[in-house]
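Visitor: Could you have a look at this structure, given as structure tokens, before my questions?
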Amino acid sequence: MRFIGLDGLRGLMCLWVVIGHSITMAGLELDKDSFFGKVLGKGLAVDVFFIISGFVITLLLLSKDVPFSKYIKQRVLRIFPAYLLFLFLSALILNETVFVLQNFPEDIEKTADRLKYATASLKDFKLHFFTHLFMLHGITPSFILSNPTYTIMGQAWSLTLQFQFFILAPLFIFILRKHVCFLVLFVMLILASSQFFFGVMRHRSFFLVNSNMFFVGMFSAILLNFNKMNKLTNTNFYSALIIFLLSISIYQWVNDRFFGIIPIMIWSICFFIEVSATTSPLQSFYRVILTNRISIFLGNISYSMYCSHMFFLYAVSYVLIKSNTDLAFYTPIMLIAPFLFTVVASYFSYEYIEKYFITFGKNTKKNNVQQRAI
């Protein structure tokens, strides 16, 4: 079953992230206690990414038996090539990044944090680069390496988290096939122990600390699969899904109050519209927003956009600061130029890197068979 709005949803969430980072890099303050500061600065759009990943990967593993070696090879070929390209580029301009943050034209609260991570990147560059190279920064405790998750390529804090889920997802499906109750108990144990692991790791890029949104997507897929296999009636399917989403929402409310449940609200609306068999004005509006050409295009290039946008923000900012650009021009240029560079670069990255390695991963088994025959 293909959800027609998922690509568009992914694209709009990526745009949400890029806008949030662009605003602060353009010299505009986002008060972290204001409504817009919380909406754009709390990683809510990234939480929707996690939900989508949990849903898509779970459906993939439930739909067919894939050997773990083939599955993980395809995941690695899907996420590492574009990631490594922009990781290397980000590493190349670390000195320029520090210069930008030390000479930033406005006193922005976010700048101090970014400068801390950039200087930490240079101080222990070899260790930070090694952990990022293999996406190990998310499983590296802060007592071993200072600020392991936001260095070199700050947005990669979420990519290591997704990669951890990709590795663990087959285990969750294995437990599910033993009995769904075993999986529920296992998930409850993980959620209950998250604060303990946060105390150990001191960051939120470790899966056992920050897993709840993946579980939203995972159980949405499991319940949908049960419904399609006639293990659940429509009534029981919707009832179970509502109870589960409410339970996770309460868990989020306890931790982050209202803003913590926004990603679940976004997913719930999209998911119920997708699975609904009836046509409604809301469904028509949903299709207009998420299935138009722009949303689909942004969805296709969203991974490369996410990986690349900070590189272009720092690169353009460096040129402007070095040129002593007046703030009246700096801000509008920073809101437009890096975004255009990001979209163009992401398109080429998607067309010539991502698509090539996705196809290569799918054809690996066939190529191996042909070589053995020769």
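Each chain in the structure tokens gets a letter, A, B and so on, in the order shown; residues start at 1 in every chain, and ligands are counted from 1 in the order they appear.
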Please return as a VMD selection string: the residues of region 147-374 of chain A that backbone DSSP assigns to alpha helix (DSSP H).
Guide: chain A and resid 157 to 178 180 to 192 194 to 201 212 to 228 234 to 260 262 to 275 281 to 290 293 to 300 302 to 322 327 to 349 355 to 373
Visitor: For Leu115 (chain A), find every residue with an atom within 12 Å (counting only C-alpha atoms), except residues of its own chain fewer than 6 positions away, and show them as a ChimeraX atom specification.
Guide: /A:94-104,108-109,121-122,147,150-152,154,314
Visitor: Counting only C-alpha atoms, what are the residues of region 83-169 of chain A within 12 Å of region 213-231 of chain A, and for each of them which pair of atoms is the nearest and at what distance in Å, to one decimal? Sort the table by chain and rising number, as CSV.
Guide:
```
residue,atom,partner,partner_atom,distance
A:Ser158,CA,A:Phe214,CA,11.9
A:Leu161,CA,A:Phe214,CA,9.9
A:Gln162,CA,A:Phe214,CA,8.6
A:Phe163,CA,A:Phe214,CA,11.6
A:Gln164,CA,A:Phe214,CA,10.8
A:Phe165,CA,A:Phe214,CA,7.7
A:Phe166,CA,A:Phe214,CA,10.2
A:Leu168,CA,A:Phe214,CA,11.1
A:Ala169,CA,A:Met218,CA,8.9
```
Visitor: Would you output that residue set with N, CA, C and O atoms, as a PDB file, in the first residue's frame?
Guide:
```pdb
ATOM      1  N   SER A 158      20.242  13.753  13.964  1.00  0.00           N
ATOM      2  CA  SER A 158      19.053  12.928  13.722  1.00  0.00           C
ATOM      3  C   SER A 158      19.341  11.763  12.778  1.00  0.00           C
ATOM      4  O   SER A 158      18.654  10.737  12.825  1.00  0.00           O
ATOM      5  N   LEU A 161      20.487   8.757  14.633  1.00  0.00           N
ATOM      6  CA  LEU A 161      19.340   8.190  15.347  1.00  0.00           C
ATOM      7  C   LEU A 161      18.511   7.317  14.408  1.00  0.00           C
ATOM      8  O   LEU A 161      18.090   6.202  14.764  1.00  0.00           O
ATOM      9  N   GLN A 162      18.288   7.796  13.192  1.00  0.00           N
ATOM     10  CA  GLN A 162      17.553   7.007  12.207  1.00  0.00           C
ATOM     11  C   GLN A 162      18.309   5.741  11.841  1.00  0.00           C
ATOM     12  O   GLN A 162      17.702   4.670  11.696  1.00  0.00           O
ATOM     13  N   PHE A 163      19.612   5.846  11.703  1.00  0.00           N
ATOM     14  CA  PHE A 163      20.407   4.671  11.350  1.00  0.00           C
ATOM     15  C   PHE A 163      20.339   3.615  12.454  1.00  0.00           C
ATOM     16  O   PHE A 163      20.286   2.406  12.174  1.00  0.00           O
ATOM     17  N   GLN A 164      20.330   4.060  13.702  1.00  0.00           N
ATOM     18  CA  GLN A 164      20.168   3.108  14.816  1.00  0.00           C
ATOM     19  C   GLN A 164      18.831   2.391  14.714  1.00  0.00           C
ATOM     20  O   GLN A 164      18.741   1.177  14.956  1.00  0.00           O
ATOM     21  N   PHE A 165      17.779   3.128  14.358  1.00  0.00           N
ATOM     22  CA  PHE A 165      16.471   2.480  14.199  1.00  0.00           C
ATOM     23  C   PHE A 165      16.497   1.469  13.061  1.00  0.00           C
ATOM     24  O   PHE A 165      15.936   0.374  13.185  1.00  0.00           O
ATOM     25  N   PHE A 166      17.137   1.826  11.955  1.00  0.00           N
ATOM     26  CA  PHE A 166      17.225   0.899  10.830  1.00  0.00           C
ATOM     27  C   PHE A 166      17.864  -0.423  11.255  1.00  0.00           C
ATOM     28  O   PHE A 166      17.436  -1.502  10.823  1.00  0.00           O
ATOM     29  N   LEU A 168      17.921  -1.676  14.358  1.00  0.00           N
ATOM     30  CA  LEU A 168      17.111  -2.357  15.361  1.00  0.00           C
ATOM     31  C   LEU A 168      15.744  -2.810  14.848  1.00  0.00           C
ATOM     32  O   LEU A 168      15.125  -3.701  15.447  1.00  0.00           O
ATOM     33  N   ALA A 169      15.260  -2.222  13.764  1.00  0.00           N
ATOM     34  CA  ALA A 169      13.908  -2.519  13.280  1.00  0.00           C
ATOM     35  C   ALA A 169      13.663  -4.008  13.038  1.00  0.00           C
ATOM     36  O   ALA A 169      12.600  -4.528  13.420  1.00  0.00           O
TER      37      ALA A 169
END
```
Visitor: Considering only C-alpha atoms, give me a table of residues in region 37-93 of chain A that are at most 10 Å from region 201-212 of chain A, with the closest atom pair and distance in Å for each, as CSV.
Guide:
```
residue,atom,partner,partner_atom,distance
A:Asp47,CA,A:Asn212,CA,9.2
A:Phe50,CA,A:Ser211,CA,8.6
A:Ile51,CA,A:Asn212,CA,8.7
A:Gly54,CA,A:Ser211,CA,9.7
```
Visitor: Excluding Ser346 (chain A) and residues on its chain fewer than 2 positions from it, collect all residues at most 6 Å away from it, counting only C-alpha atoms, and give them as a list of chain:residue names.
Guide: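 Listed by chain and then number, they are A:Ile301, A:Ser304, A:Met305, A:Thr342, A:Val343, A:Val344, A:Phe348, A:Ser349, A:Tyr350.
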Visitor: Can you work out which one of A:Leu12, A:Leu340, A:Ile269, A:Leu191 has the shortest atom-to-atom distance to Ile296 (chain A), counting only C-alpha atoms?
Guide: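 Nearest to Ile296 (chain A): A:Leu12.
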Visitor: Check the smallest atom-to-atom distance from each of A:Glu106, A:Asp124, A:Glu274, A:Glu351 to Ala328 (chain A) using only C-alpha atoms, then report the winner.
Guide: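 Of the candidates, the smallest distance to Ala328 (chain A) is held by A:Glu106.
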Visitor: Work out how far apart CA of His309 (chain A) and CA of Phe339 (chain A) are and give it in Å to one decimal.
Guide: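 Straight-line distance from CA of His309 (chain A) to CA of Phe339 (chain A) works out to 7.1 Å.
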Visitor: Between CA of Val66 (chain A) and CA of Lys178 (chain A), what is the distance, to one decimal in Å?
Guide: 17.3 Å
